[in-house]
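Have a look at target-v2.cif below; it lists mmCIF, C-alpha atoms.
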```
data_target
loop_
_atom_site.group_PDB
_atom_site.id
_atom_site.type_symbol
_atom_site.label_atom_id
_atom_site.label_comp_id
_atom_site.auth_asym_id
_atom_site.auth_seq_id
_atom_site.Cartn_x
_atom_site.Cartn_y
_atom_site.Cartn_z
ATOM 1 C CA MET A 23 -0.849 -2.377 30.210
ATOM 2 C CA LYS A 24 -3.528 -5.082 30.141
ATOM 3 C CA THR A 25 -3.080 -7.031 26.896
ATOM 4 C CA ILE A 26 -5.079 -9.863 25.330
ATOM 5 C CA ILE A 27 -3.676 -12.002 22.527
ATOM 6 C CA VAL A 28 -6.500 -13.646 20.585
ATOM 7 C CA GLY A 29 -5.354 -16.720 18.671
ATOM 8 C CA ILE A 30 -2.189 -18.446 19.864
ATOM 9 C CA GLY A 31 -1.066 -19.901 16.545
ATOM 10 C CA GLY A 32 2.179 -19.164 14.744
ATOM 11 C CA VAL A 33 1.741 -15.395 14.909
ATOM 12 C CA GLY A 34 -0.018 -14.973 18.246
ATOM 13 C CA GLY A 35 2.125 -17.618 19.889
ATOM 14 C CA TYR A 36 5.432 -16.050 18.862
ATOM 15 C CA PHE A 37 4.607 -12.407 19.584
ATOM 16 C CA GLY A 38 2.289 -13.154 22.494
ATOM 17 C CA GLY A 39 4.919 -15.470 23.949
ATOM 18 C CA LYS A 40 7.542 -12.734 23.862
ATOM 19 C CA LEU A 41 5.171 -10.253 25.497
ATOM 20 C CA ALA A 42 4.129 -12.719 28.192
ATOM 21 C CA ARG A 43 7.746 -13.604 28.992
ATOM 22 C CA THR A 44 8.807 -9.959 29.229
ATOM 23 C CA TYR A 45 5.950 -8.730 31.370
ATOM 24 C CA ALA A 46 5.356 -11.818 33.532
ATOM 25 C CA ALA A 47 6.561 -10.095 36.706
ATOM 26 C CA ALA A 48 6.122 -6.464 35.666
ATOM 27 C CA PRO A 49 3.825 -4.479 37.985
ATOM 28 C CA GLY A 50 0.812 -3.022 36.231
ATOM 29 C CA HIS A 51 1.042 -5.367 33.255
ATOM 30 C CA ALA A 52 -0.944 -8.477 32.324
ATOM 31 C CA VAL A 53 -0.663 -10.520 29.132
ATOM 32 C CA SER A 54 -3.459 -13.046 28.620
ATOM 33 C CA PHE A 55 -4.022 -15.652 25.891
ATOM 34 C CA VAL A 56 -7.266 -16.677 24.217
ATOM 35 C CA ALA A 57 -6.859 -20.169 22.777
ATOM 36 C CA ARG A 58 -8.827 -23.404 22.631
ATOM 37 C CA GLY A 59 -8.740 -27.170 22.767
ATOM 38 C CA ALA A 60 -5.666 -29.240 23.511
ATOM 39 C CA HIS A 61 -3.431 -26.245 22.785
ATOM 40 C CA LEU A 62 -5.098 -24.264 25.571
ATOM 41 C CA GLU A 63 -4.904 -27.140 28.041
ATOM 42 C CA LYS A 64 -1.197 -27.614 27.396
ATOM 43 C CA ILE A 65 -0.539 -23.885 27.873
ATOM 44 C CA ARG A 66 -2.439 -23.924 31.159
ATOM 45 C CA ALA A 67 -0.526 -26.945 32.411
ATOM 46 C CA GLU A 68 3.007 -26.194 31.228
ATOM 47 C CA GLY A 69 3.105 -22.712 29.689
ATOM 48 C CA LEU A 70 3.703 -22.009 26.010
ATOM 49 C CA SER A 71 6.921 -23.397 24.550
ATOM 50 C CA VAL A 72 8.266 -21.046 21.862
ATOM 51 C CA GLN A 73 11.047 -22.440 19.690
ATOM 52 C CA THR A 74 12.810 -19.824 17.567
ATOM 53 C CA VAL A 75 15.880 -19.568 15.348
ATOM 54 C CA ASP A 76 17.441 -17.463 18.116
ATOM 55 C CA GLY A 77 16.666 -19.823 20.987
ATOM 56 C CA ASN A 78 13.798 -21.380 22.907
ATOM 57 C CA PHE A 79 11.796 -20.229 25.912
ATOM 58 C CA ILE A 80 8.682 -20.960 27.947
ATOM 59 C CA ALA A 81 6.078 -18.198 28.255
ATOM 60 C CA VAL A 82 3.561 -18.232 31.084
ATOM 61 C CA PRO A 83 0.667 -15.829 30.453
ATOM 62 C CA THR A 84 -1.219 -14.045 33.199
ATOM 63 C CA ALA A 85 -4.244 -16.102 32.150
ATOM 64 C CA ALA A 86 -5.127 -18.534 29.364
ATOM 65 C CA THR A 87 -8.768 -19.140 28.495
ATOM 66 C CA ASP A 88 -11.320 -19.881 25.784
ATOM 67 C CA ARG A 89 -13.737 -17.485 27.490
ATOM 68 C CA PRO A 90 -12.439 -13.951 26.900
ATOM 69 C CA GLU A 91 -15.344 -12.468 28.868
ATOM 70 C CA THR A 92 -13.537 -13.622 32.026
ATOM 71 C CA LEU A 93 -10.551 -11.360 31.314
ATOM 72 C CA GLY A 94 -12.229 -7.971 31.729
ATOM 73 C CA ARG A 95 -11.412 -4.750 29.913
ATOM 74 C CA ALA A 96 -8.173 -4.604 27.937
ATOM 75 C CA ASP A 97 -5.904 -1.731 26.984
ATOM 76 C CA LEU A 98 -4.537 -3.591 23.956
ATOM 77 C CA ILE A 99 -5.921 -6.502 21.932
ATOM 78 C CA LEU A 100 -3.840 -8.251 19.276
ATOM 79 C CA LEU A 101 -6.031 -10.244 16.895
ATOM 80 C CA CYS A 102 -3.997 -13.152 15.504
ATOM 81 C CA VAL A 103 -6.740 -15.453 14.202
ATOM 82 C CA LYS A 104 -7.321 -16.704 10.662
ATOM 83 C CA GLY A 105 -9.365 -14.458 8.401
ATOM 84 C CA TYR A 106 -12.402 -16.739 8.451
ATOM 85 C CA ASP A 107 -12.532 -16.518 12.277
ATOM 86 C CA LEU A 108 -12.211 -12.751 12.571
ATOM 87 C CA GLU A 109 -15.845 -11.714 12.974
ATOM 88 C CA ASN A 110 -16.600 -14.419 15.519
ATOM 89 C CA ALA A 111 -13.458 -13.550 17.474
ATOM 90 C CA VAL A 112 -14.340 -9.851 17.592
ATOM 91 C CA SER A 113 -17.927 -10.569 18.618
ATOM 92 C CA SER A 114 -16.642 -12.651 21.548
ATOM 93 C CA LEU A 115 -14.641 -9.664 22.827
ATOM 94 C CA ALA A 116 -17.557 -7.320 23.558
ATOM 95 C CA GLY A 117 -16.851 -7.364 27.285
ATOM 96 C CA ASN A 118 -13.142 -6.662 26.795
ATOM 97 C CA ILE A 119 -13.455 -3.525 24.686
ATOM 98 C CA GLY A 120 -13.832 -0.087 26.246
ATOM 99 C CA ASP A 121 -13.466 3.398 24.838
ATOM 100 C CA ASP A 122 -9.694 3.356 25.431
ATOM 101 C CA THR A 123 -9.049 -0.144 24.071
ATOM 102 C CA ILE A 124 -6.748 -0.390 21.046
ATOM 103 C CA LEU A 125 -7.228 -3.313 18.657
ATOM 104 C CA ILE A 126 -4.582 -4.340 16.119
ATOM 105 C CA PRO A 127 -5.234 -7.104 13.560
ATOM 106 C CA LEU A 128 -2.149 -9.181 12.784
ATOM 107 C CA LEU A 129 -3.522 -11.465 10.102
ATOM 108 C CA ASN A 130 -3.654 -11.786 6.338
ATOM 109 C CA GLY A 131 -5.919 -9.527 4.320
ATOM 110 C CA VAL A 132 -6.445 -5.857 3.531
ATOM 111 C CA ASP A 133 -9.949 -5.232 4.884
ATOM 112 C CA ASN A 134 -9.505 -6.399 8.471
ATOM 113 C CA GLY A 135 -9.925 -2.976 10.056
ATOM 114 C CA ALA A 136 -13.271 -2.412 8.339
ATOM 115 C CA ARG A 137 -14.457 -5.884 9.292
ATOM 116 C CA ILE A 138 -13.553 -5.296 12.938
ATOM 117 C CA ARG A 139 -15.196 -1.864 13.053
ATOM 118 C CA SER A 140 -18.412 -3.367 11.667
ATOM 119 C CA ARG A 141 -18.685 -5.478 14.843
ATOM 120 C CA ILE A 142 -17.759 -3.060 17.641
ATOM 121 C CA ARG A 143 -18.913 0.336 18.871
ATOM 122 C CA ALA A 144 -16.112 1.238 21.268
ATOM 123 C CA GLY A 145 -12.345 1.242 21.079
ATOM 124 C CA THR A 146 -9.820 2.285 18.434
ATOM 125 C CA VAL A 147 -9.046 -0.018 15.514
ATOM 126 C CA LEU A 148 -5.635 0.279 13.905
ATOM 127 C CA GLU A 149 -4.252 -1.670 10.941
ATOM 128 C CA GLY A 150 -1.313 -4.034 11.123
ATOM 129 C CA CYS A 151 0.693 -6.729 9.404
ATOM 130 C CA VAL A 152 3.491 -9.136 10.299
ATOM 131 C CA TYR A 153 6.391 -10.847 8.566
ATOM 132 C CA ILE A 154 7.075 -14.209 10.132
ATOM 133 C CA SER A 155 7.114 -17.917 9.337
ATOM 134 C CA SER A 156 5.910 -19.917 12.325
ATOM 135 C CA TYR A 157 3.335 -22.536 13.212
ATOM 136 C CA ILE A 158 1.915 -24.741 15.962
ATOM 137 C CA GLU A 159 4.205 -27.764 16.001
ATOM 138 C CA ARG A 160 2.027 -29.582 18.521
ATOM 139 C CA PRO A 161 -0.260 -28.520 21.379
ATOM 140 C CA GLY A 162 1.591 -26.052 23.583
ATOM 141 C CA VAL A 163 4.513 -25.618 21.178
ATOM 142 C CA ILE A 164 5.125 -22.822 18.657
ATOM 143 C CA HIS A 165 7.953 -23.208 16.138
ATOM 144 C CA GLN A 166 9.329 -20.123 14.356
ATOM 145 C CA VAL A 167 11.400 -21.092 11.322
ATOM 146 C CA GLY A 168 11.975 -17.865 9.421
ATOM 147 C CA GLY A 169 10.888 -14.382 8.498
ATOM 148 C CA SER A 170 12.056 -11.052 9.856
ATOM 149 C CA CYS A 171 9.585 -11.330 12.773
ATOM 150 C CA ARG A 172 8.471 -7.716 12.296
ATOM 151 C CA ILE A 173 5.222 -5.992 13.197
ATOM 152 C CA LEU A 174 4.021 -2.902 11.339
ATOM 153 C CA PHE A 175 0.975 -1.074 12.678
ATOM 154 C CA GLY A 176 -0.674 2.315 12.666
ATOM 155 C CA PRO A 177 -3.838 4.319 12.096
ATOM 156 C CA VAL A 178 -5.372 4.552 8.625
ATOM 157 C CA SER A 179 -5.507 8.317 9.042
ATOM 158 C CA GLY A 180 -4.489 10.909 11.587
ATOM 159 C CA PRO A 181 -1.333 11.307 13.681
ATOM 160 C CA ILE A 182 0.669 8.307 14.857
ATOM 161 C CA ASP A 183 2.090 9.843 18.044
ATOM 162 C CA PRO A 184 -0.906 8.828 20.223
ATOM 163 C CA TYR A 185 0.202 5.210 19.716
ATOM 164 C CA ARG A 186 3.893 5.595 20.589
ATOM 165 C CA HIS A 187 3.279 3.971 23.965
ATOM 166 C CA VAL A 188 2.068 0.807 22.217
ATOM 167 C CA GLU A 189 5.175 0.779 20.031
ATOM 168 C CA ARG A 190 7.408 1.108 23.109
ATOM 169 C CA PHE A 191 5.472 -1.597 24.942
ATOM 170 C CA ILE A 192 6.046 -4.058 22.093
ATOM 171 C CA GLN A 193 9.666 -2.998 21.523
ATOM 172 C CA GLU A 194 10.548 -3.677 25.143
ATOM 173 C CA ALA A 195 9.656 -7.330 24.537
ATOM 174 C CA SER A 196 12.544 -7.535 22.017
ATOM 175 C CA ILE A 197 10.120 -7.462 19.094
ATOM 176 C CA ALA A 198 10.949 -5.611 15.878
ATOM 177 C CA VAL A 199 8.029 -3.203 15.523
ATOM 178 C CA ARG A 200 7.425 0.012 13.637
ATOM 179 C CA LEU A 201 4.593 2.494 14.006
ATOM 180 C CA SER A 202 3.851 3.381 10.391
ATOM 181 C CA GLU A 203 2.567 6.601 8.851
ATOM 182 C CA SER A 204 1.521 4.657 5.733
ATOM 183 C CA ILE A 205 0.081 1.458 7.125
ATOM 184 C CA ARG A 206 -2.415 0.946 4.276
ATOM 185 C CA ARG A 207 0.445 0.905 1.786
ATOM 186 C CA ASP A 208 2.362 -1.507 4.017
ATOM 187 C CA VAL A 209 -0.599 -3.868 4.302
ATOM 188 C CA TRP A 210 -1.356 -3.787 0.575
ATOM 189 C CA SER A 211 2.320 -4.254 -0.329
ATOM 190 C CA LYS A 212 2.439 -7.456 1.698
ATOM 191 C CA PHE A 213 -0.894 -8.583 0.226
ATOM 192 C CA LEU A 214 0.382 -8.030 -3.318
ATOM 193 C CA PHE A 215 3.193 -10.478 -2.574
ATOM 194 C CA VAL A 216 1.383 -13.082 -0.497
ATOM 195 C CA ALA A 217 -2.032 -13.432 -2.150
ATOM 196 C CA PRO A 218 -1.053 -14.341 -5.751
ATOM 197 C CA TYR A 219 1.527 -16.859 -4.594
ATOM 198 C CA ALA A 220 -0.977 -18.378 -2.171
ATOM 199 C CA CYS A 221 -3.415 -18.909 -5.039
ATOM 200 C CA VAL A 222 -0.944 -20.219 -7.638
ATOM 201 C CA THR A 223 0.905 -22.563 -5.267
ATOM 202 C CA SER A 224 -2.442 -23.922 -4.079
ATOM 203 C CA LEU A 225 -3.705 -24.471 -7.626
ATOM 204 C CA THR A 226 -0.532 -26.065 -8.980
ATOM 205 C CA GLY A 227 0.495 -27.920 -5.845
ATOM 206 C CA GLN A 228 4.019 -26.649 -6.436
ATOM 207 C CA PRO A 229 6.380 -24.762 -4.084
ATOM 208 C CA PHE A 230 7.524 -21.175 -4.550
ATOM 209 C CA GLY A 231 10.704 -22.188 -6.355
ATOM 210 C CA ALA A 232 8.875 -24.175 -9.029
ATOM 211 C CA VAL A 233 6.313 -21.399 -9.567
ATOM 212 C CA VAL A 234 9.028 -18.785 -10.079
ATOM 213 C CA GLU A 235 10.921 -21.063 -12.485
ATOM 214 C CA ASN A 236 7.901 -21.887 -14.635
ATOM 215 C CA GLU A 237 7.259 -19.040 -17.083
ATOM 216 C CA GLU A 238 3.499 -19.594 -17.364
ATOM 217 C CA TRP A 239 2.951 -19.746 -13.607
ATOM 218 C CA ARG A 240 5.266 -16.779 -12.995
ATOM 219 C CA ARG A 241 3.401 -14.680 -15.565
ATOM 220 C CA THR A 242 0.129 -15.597 -13.872
ATOM 221 C CA VAL A 243 1.510 -14.418 -10.529
ATOM 222 C CA GLU A 244 2.751 -11.169 -12.083
ATOM 223 C CA GLY A 245 -0.618 -10.578 -13.756
ATOM 224 C CA MET A 246 -2.464 -11.137 -10.482
ATOM 225 C CA MET A 247 -0.119 -8.698 -8.770
ATOM 226 C CA ARG A 248 -0.984 -6.073 -11.361
ATOM 227 C CA GLU A 249 -4.686 -6.729 -10.810
ATOM 228 C CA ILE A 250 -4.173 -6.128 -7.076
ATOM 229 C CA ARG A 251 -2.265 -2.948 -7.841
ATOM 230 C CA THR A 252 -5.158 -1.705 -9.986
ATOM 231 C CA LEU A 253 -7.633 -2.436 -7.188
ATOM 232 C CA ALA A 254 -5.409 -0.742 -4.613
ATOM 233 C CA THR A 255 -5.215 2.384 -6.792
ATOM 234 C CA ALA A 256 -9.007 2.470 -7.046
ATOM 235 C CA LEU A 257 -9.149 2.349 -3.251
ATOM 236 C CA GLY A 258 -6.695 5.216 -2.851
ATOM 237 C CA VAL A 259 -3.542 3.191 -2.160
ATOM 238 C CA ASP A 260 -0.644 4.000 -4.482
ATOM 239 C CA LEU A 261 1.633 1.010 -5.054
ATOM 240 C CA PRO A 262 4.609 1.496 -7.405
ATOM 241 C CA GLU A 263 4.831 -0.638 -10.537
ATOM 242 C CA SER A 264 8.304 -1.714 -9.403
ATOM 243 C CA LEU A 265 6.690 -3.578 -6.513
ATOM 244 C CA VAL A 266 5.681 -6.388 -8.890
ATOM 245 C CA ALA A 267 9.261 -7.163 -9.955
ATOM 246 C CA LYS A 268 10.461 -6.713 -6.371
ATOM 247 C CA SER A 269 7.875 -9.205 -5.124
ATOM 248 C CA VAL A 270 8.867 -11.790 -7.715
ATOM 249 C CA GLU A 271 12.495 -11.377 -6.704
ATOM 250 C CA MET A 272 11.551 -11.823 -3.042
ATOM 251 C CA ALA A 273 10.079 -15.213 -3.918
ATOM 252 C CA ARG A 274 13.325 -16.186 -5.662
ATOM 253 C CA GLN A 275 15.153 -15.629 -2.384
ATOM 254 C CA LEU A 276 12.991 -18.107 -0.487
ATOM 255 C CA PRO A 277 14.071 -21.737 -0.128
ATOM 256 C CA TYR A 278 12.984 -23.580 -3.300
ATOM 257 C CA SER A 279 10.685 -25.948 -1.404
ATOM 258 C CA SER A 280 8.777 -23.209 0.506
ATOM 259 C CA ARG A 281 5.026 -23.724 0.401
ATOM 260 C CA SER A 282 2.322 -21.177 1.151
ATOM 261 C CA SER A 283 0.122 -21.630 4.197
ATOM 262 C CA MET A 284 -3.000 -21.820 2.033
ATOM 263 C CA GLN A 285 -1.388 -24.497 -0.131
ATOM 264 C CA LEU A 286 -0.692 -26.563 2.978
ATOM 265 C CA ASP A 287 -4.274 -26.106 4.162
ATOM 266 C CA PHE A 288 -5.602 -27.336 0.800
ATOM 267 C CA GLU A 289 -3.269 -30.334 0.867
ATOM 268 C CA ARG A 290 -4.300 -31.252 4.411
ATOM 269 C CA GLY A 291 -8.026 -30.834 3.762
ATOM 270 C CA ARG A 292 -8.344 -27.937 6.188
ATOM 271 C CA ARG A 293 -10.406 -24.786 5.938
ATOM 272 C CA THR A 294 -8.490 -22.218 3.874
ATOM 273 C CA GLU A 295 -8.151 -18.451 3.592
ATOM 274 C CA LEU A 296 -9.360 -18.472 -0.019
ATOM 275 C CA GLU A 297 -11.874 -15.690 0.676
ATOM 276 C CA THR A 298 -9.114 -13.550 2.182
ATOM 277 C CA PHE A 299 -6.633 -14.063 -0.649
ATOM 278 C CA ALA A 300 -8.970 -14.258 -3.650
ATOM 279 C CA GLY A 301 -12.662 -13.834 -2.865
ATOM 280 C CA TYR A 302 -12.121 -10.341 -1.519
ATOM 281 C CA VAL A 303 -10.251 -9.231 -4.658
ATOM 282 C CA VAL A 304 -12.956 -10.562 -6.988
ATOM 283 C CA ARG A 305 -15.805 -8.975 -5.044
ATOM 284 C CA ALA A 306 -14.098 -5.622 -4.450
ATOM 285 C CA ALA A 307 -13.120 -5.355 -8.127
ATOM 286 C CA LYS A 308 -16.656 -6.159 -9.265
ATOM 287 C CA GLU A 309 -18.093 -3.484 -6.977
ATOM 288 C CA ARG A 310 -15.838 -0.920 -8.662
ATOM 289 C CA GLY A 311 -16.290 -2.120 -12.231
ATOM 290 C CA LEU A 312 -12.702 -3.349 -12.521
ATOM 291 C CA SER A 313 -11.548 -6.309 -14.578
ATOM 292 C CA VAL A 314 -9.553 -9.012 -12.761
ATOM 293 C CA PRO A 315 -9.797 -12.005 -15.121
ATOM 294 C CA LEU A 316 -6.863 -13.930 -13.669
ATOM 295 C CA TYR A 317 -8.221 -13.648 -10.163
ATOM 296 C CA GLU A 318 -11.702 -14.629 -11.308
ATOM 297 C CA LYS A 319 -10.339 -17.747 -13.013
ATOM 298 C CA LEU A 320 -8.197 -18.938 -10.111
ATOM 299 C CA TYR A 321 -10.842 -18.110 -7.524
ATOM 300 C CA ALA A 322 -13.452 -20.160 -9.397
ATOM 301 C CA GLU A 323 -11.111 -23.133 -9.755
ATOM 302 C CA LEU A 324 -9.964 -23.078 -6.145
ATOM 303 C CA ALA A 325 -13.498 -22.540 -4.821
ATOM 304 C CA ALA A 326 -14.655 -25.592 -6.797
ATOM 305 C CA ARG A 327 -11.803 -27.631 -5.355
ATOM 306 C CA ALA A 328 -12.618 -26.500 -1.817
ATOM 307 C CA ALA A 329 -16.300 -27.334 -2.298
ATOM 308 C CA ALA A 330 -15.461 -30.790 -3.647
ATOM 309 C CA ALA A 331 -13.172 -31.473 -0.687
ATOM 310 C CA ALA A 332 -15.849 -30.348 1.756
ATOM 311 C CA SER A 333 -18.383 -32.738 0.207
ATOM 312 C CA VAL A 334 -16.193 -35.811 0.796
ATOM 313 C CA PRO A 335 -17.118 -37.522 4.105
ATOM 314 C CA ASP A 336 -14.329 -38.139 6.564
ATOM 315 C CA GLU A 337 -12.873 -41.635 6.465
ATOM 316 C CA PRO A 338 -13.611 -43.729 9.543
ATOM 317 C CA VAL A 339 -10.778 -43.760 12.040
ATOM 318 C CA THR A 340 -9.296 -47.197 12.693
ATOM 319 C CA LYS A 341 -7.277 -47.686 15.850
ATOM 320 C CA GLU A 342 -4.431 -50.165 15.620
ATOM 321 C CA GLY A 343 -2.384 -51.669 18.385
#
```

Since I need it in another form, could you write the structure as structure tokens?
Amino acid sequence: MKTIIVGIGGVGGYFGGKLARTYAAAPGHAVSFVARGAHLEKIRAEGLSVQTVDGNFIAVPTAATDRPETLGRADLILLCVKGYDLENAVSSLAGNIGDDTILIPLLNGVDNGARIRSRIRAGTVLEGCVYISSYIERPGVIHQVGGSCRILFGPVSGPIDPYRHVERFIQEASIAVRLSESIRRDVWSKFLFVAPYACVTSLTGQPFGAVVENEEWRRTVEGMMREIRTLATALGVDLPESLVAKSVEMARQLPYSSRSSMQLDFERGRRTELETFAGYVVRAAKERGLSVPLYEKLYAELAARAAAAASVPDEPVTKEG
């Protein structure tokens, strides 16, 4: 199988690294990386170092490039970019997608499949989600620190058996993967947990443990979860009421000092996934005449903060030595 991993960050680096290591010498298989900058150069020179809780390894892809058009047609494409890069990433893959190409988004958000389909005419787009805590430690190095390291994927409708070969291909790389008959519910269930916490931790500047302990912040999270559940129902996805309490309890089980990825991006002055975690909910609810007052409030406050940060010029860099 000819596979392209687009985005070699925490997600793409971990799963792509495992695939590249497994199939490095396997006849008929090729696993290529699409990355950029210093990260790409380090991978080309030394391979990708993947540090995990179960051990470390070096993965050498078939090819590593920032020009996906050089890789030719793919059988499988795993999209592991940030939500704000998705459309540009898909547009760059026009030469890699044929009628038999399967694309699986492995990023935050619940509308990724629709966004991908709006940019391509060929191929099959599935839905997917992952459970992992990992990041780029430095160029060429991925560090996985937690999470179950699972992939869930599947078609929005229709039979799942046509994609069993993809499931087997990923499983053989010692990756926990499940081909799901209810992938929309899986994706929305994860979103219900991740998105409210991303917003509240970013707004308060506090870790998961502090948010769960504080009654006001916890009630805000629970209310936002219920707003997501209402939106999901309107879109034909049935999420049980018990999922709210379950999601709060999941946060209690995390290390007290855990911080959301969006919170870290806000703190470091980076571009954030605010539109993925909040903007989408506000817009989709408005289109359907639904009320999401908590989401509207937090989205407005966080958007104002992001705009203010973007308007501040970078400080000049002073070199000492």

- Evaluate the PyMOL selection byres ((chain A and resi 231) around 8) on the structure here and hand back the selected residues as an MDAnalysis selection string. chainID A and resid 229:230 232:235 273:274 276:280

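Between CA of Arg248 in chain A and CA of Tyr302 in chain A lies a distance of 15.5 Å.
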
- Run the PyMOL selection byres ((chain A and resi 327-332) around 12) on the file and write out the hits as an NGL selection string. :A and (224-226 or 284-285 or 287-297 or 320-326 or 333-336)

- Identify all residues satisfying the PyMOL selection byres ((chain A and resi 154) around 12) in the given file; provide them as number ranges by chain. A: 31-37, 74-75, 128-130, 151-153, 155-157, 165-174, 197-198, 212, 283

- Message: If we count only C-alpha atoms and set the cut-off at 10 Å, which residues sit around Leu115 in chain A, ignoring sequence neighbours fewer than 3 positions away in its own chain? Please answer as an MDAnalysis selection string.
- Response: chainID A and resid 26 28 89:91 93:96 99 110:112 118:119 141:142

Write out, as a compact mmCIF listing (two decimals), in the coordinates of the input, the residues just selected, with C-alpha atoms.
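And here is the file that came out, selection.txt:
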```txt
# COMPACT_ATOMS: atom_id res chain seq x y z
CA ILE A 26 -5.08 -9.86 25.33
CA VAL A 28 -6.50 -13.65 20.58
CA ARG A 89 -13.74 -17.48 27.49
CA PRO A 90 -12.44 -13.95 26.90
CA GLU A 91 -15.34 -12.47 28.87
CA LEU A 93 -10.55 -11.36 31.31
CA GLY A 94 -12.23 -7.97 31.73
CA ARG A 95 -11.41 -4.75 29.91
CA ALA A 96 -8.17 -4.60 27.94
CA ILE A 99 -5.92 -6.50 21.93
CA ASN A 110 -16.60 -14.42 15.52
CA ALA A 111 -13.46 -13.55 17.47
CA VAL A 112 -14.34 -9.85 17.59
CA ASN A 118 -13.14 -6.66 26.80
CA ILE A 119 -13.46 -3.52 24.69
CA ARG A 141 -18.68 -5.48 14.84
CA ILE A 142 -17.76 -3.06 17.64
```

- Looking at all atoms listed in the file, which of A:Ile30, A:Asp97, A:Val132, A:Val188 is the one that sits closest to Arg206 in chain A? A:Val132

Edge lengths and centre in Å to one decimal, as JSON, is what I'm after for the box along x, y and z that holds all listed atoms of range 129-138 of chain A once 3 Å is added on each side.
```
{"center_x": -9.0, "center_y": -7.1, "center_z": 8.2, "size_x": 16.9, "size_y": 15.4, "size_z": 15.4}
```

- Message: Could you check the closest approach to Val163 in chain A for each of A:Phe191, A:Phe79, A:Phe215, A:Tyr317 and tell me which residue wins, using only C-alpha atoms?
- Response: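 Between A:Phe191, A:Phe79, A:Phe215, A:Tyr317, the residue approaching Val163 in chain A most closely is A:Phe79.
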
Could you give me range 322-326 of chain A completed to all heavy atoms, formatted as a PDB file, in the frame of the given file?
```
ATOM      1  N   ALA A 322     -12.429 -19.178  -9.042  1.00  0.00           N
ATOM      2  CA  ALA A 322     -13.452 -20.160  -9.397  1.00  0.00           C
ATOM      3  C   ALA A 322     -12.908 -21.579  -9.292  1.00  0.00           C
ATOM      4  O   ALA A 322     -13.578 -22.484  -8.763  1.00  0.00           O
ATOM      5  CB  ALA A 322     -13.967 -19.891 -10.814  1.00  0.00           C
ATOM      6  N   GLU A 323     -11.691 -21.794  -9.779  1.00  0.00           N
ATOM      7  CA  GLU A 323     -11.111 -23.133  -9.755  1.00  0.00           C
ATOM      8  C   GLU A 323     -10.818 -23.593  -8.324  1.00  0.00           C
ATOM      9  O   GLU A 323     -11.090 -24.743  -7.957  1.00  0.00           O
ATOM     10  CB  GLU A 323      -9.839 -23.162 -10.602  1.00  0.00           C
ATOM     11  CG  GLU A 323     -10.111 -22.967 -12.092  1.00  0.00           C
ATOM     12  CD  GLU A 323      -8.843 -22.940 -12.919  1.00  0.00           C
ATOM     13  OE1 GLU A 323      -7.743 -23.055 -12.332  1.00  0.00           O
ATOM     14  OE2 GLU A 323      -8.938 -22.797 -14.152  1.00  0.00           O
ATOM     15  N   LEU A 324     -10.280 -22.703  -7.528  1.00  0.00           N
ATOM     16  CA  LEU A 324      -9.964 -23.078  -6.145  1.00  0.00           C
ATOM     17  C   LEU A 324     -11.222 -23.239  -5.304  1.00  0.00           C
ATOM     18  O   LEU A 324     -11.288 -24.109  -4.426  1.00  0.00           O
ATOM     19  CB  LEU A 324      -9.033 -22.043  -5.521  1.00  0.00           C
ATOM     20  CG  LEU A 324      -7.598 -22.070  -6.040  1.00  0.00           C
ATOM     21  CD1 LEU A 324      -6.822 -20.850  -5.536  1.00  0.00           C
ATOM     22  CD2 LEU A 324      -6.879 -23.356  -5.622  1.00  0.00           C
ATOM     23  N   ALA A 325     -12.233 -22.409  -5.557  1.00  0.00           N
ATOM     24  CA  ALA A 325     -13.498 -22.540  -4.821  1.00  0.00           C
ATOM     25  C   ALA A 325     -14.162 -23.872  -5.144  1.00  0.00           C
ATOM     26  O   ALA A 325     -14.722 -24.534  -4.251  1.00  0.00           O
ATOM     27  CB  ALA A 325     -14.427 -21.382  -5.167  1.00  0.00           C
ATOM     28  N   ALA A 326     -14.088 -24.299  -6.416  1.00  0.00           N
ATOM     29  CA  ALA A 326     -14.655 -25.592  -6.797  1.00  0.00           C
ATOM     30  C   ALA A 326     -13.904 -26.729  -6.111  1.00  0.00           C
ATOM     31  O   ALA A 326     -14.513 -27.708  -5.648  1.00  0.00           O
ATOM     32  CB  ALA A 326     -14.595 -25.756  -8.312  1.00  0.00           C
TER      33      ALA A 326
END
```
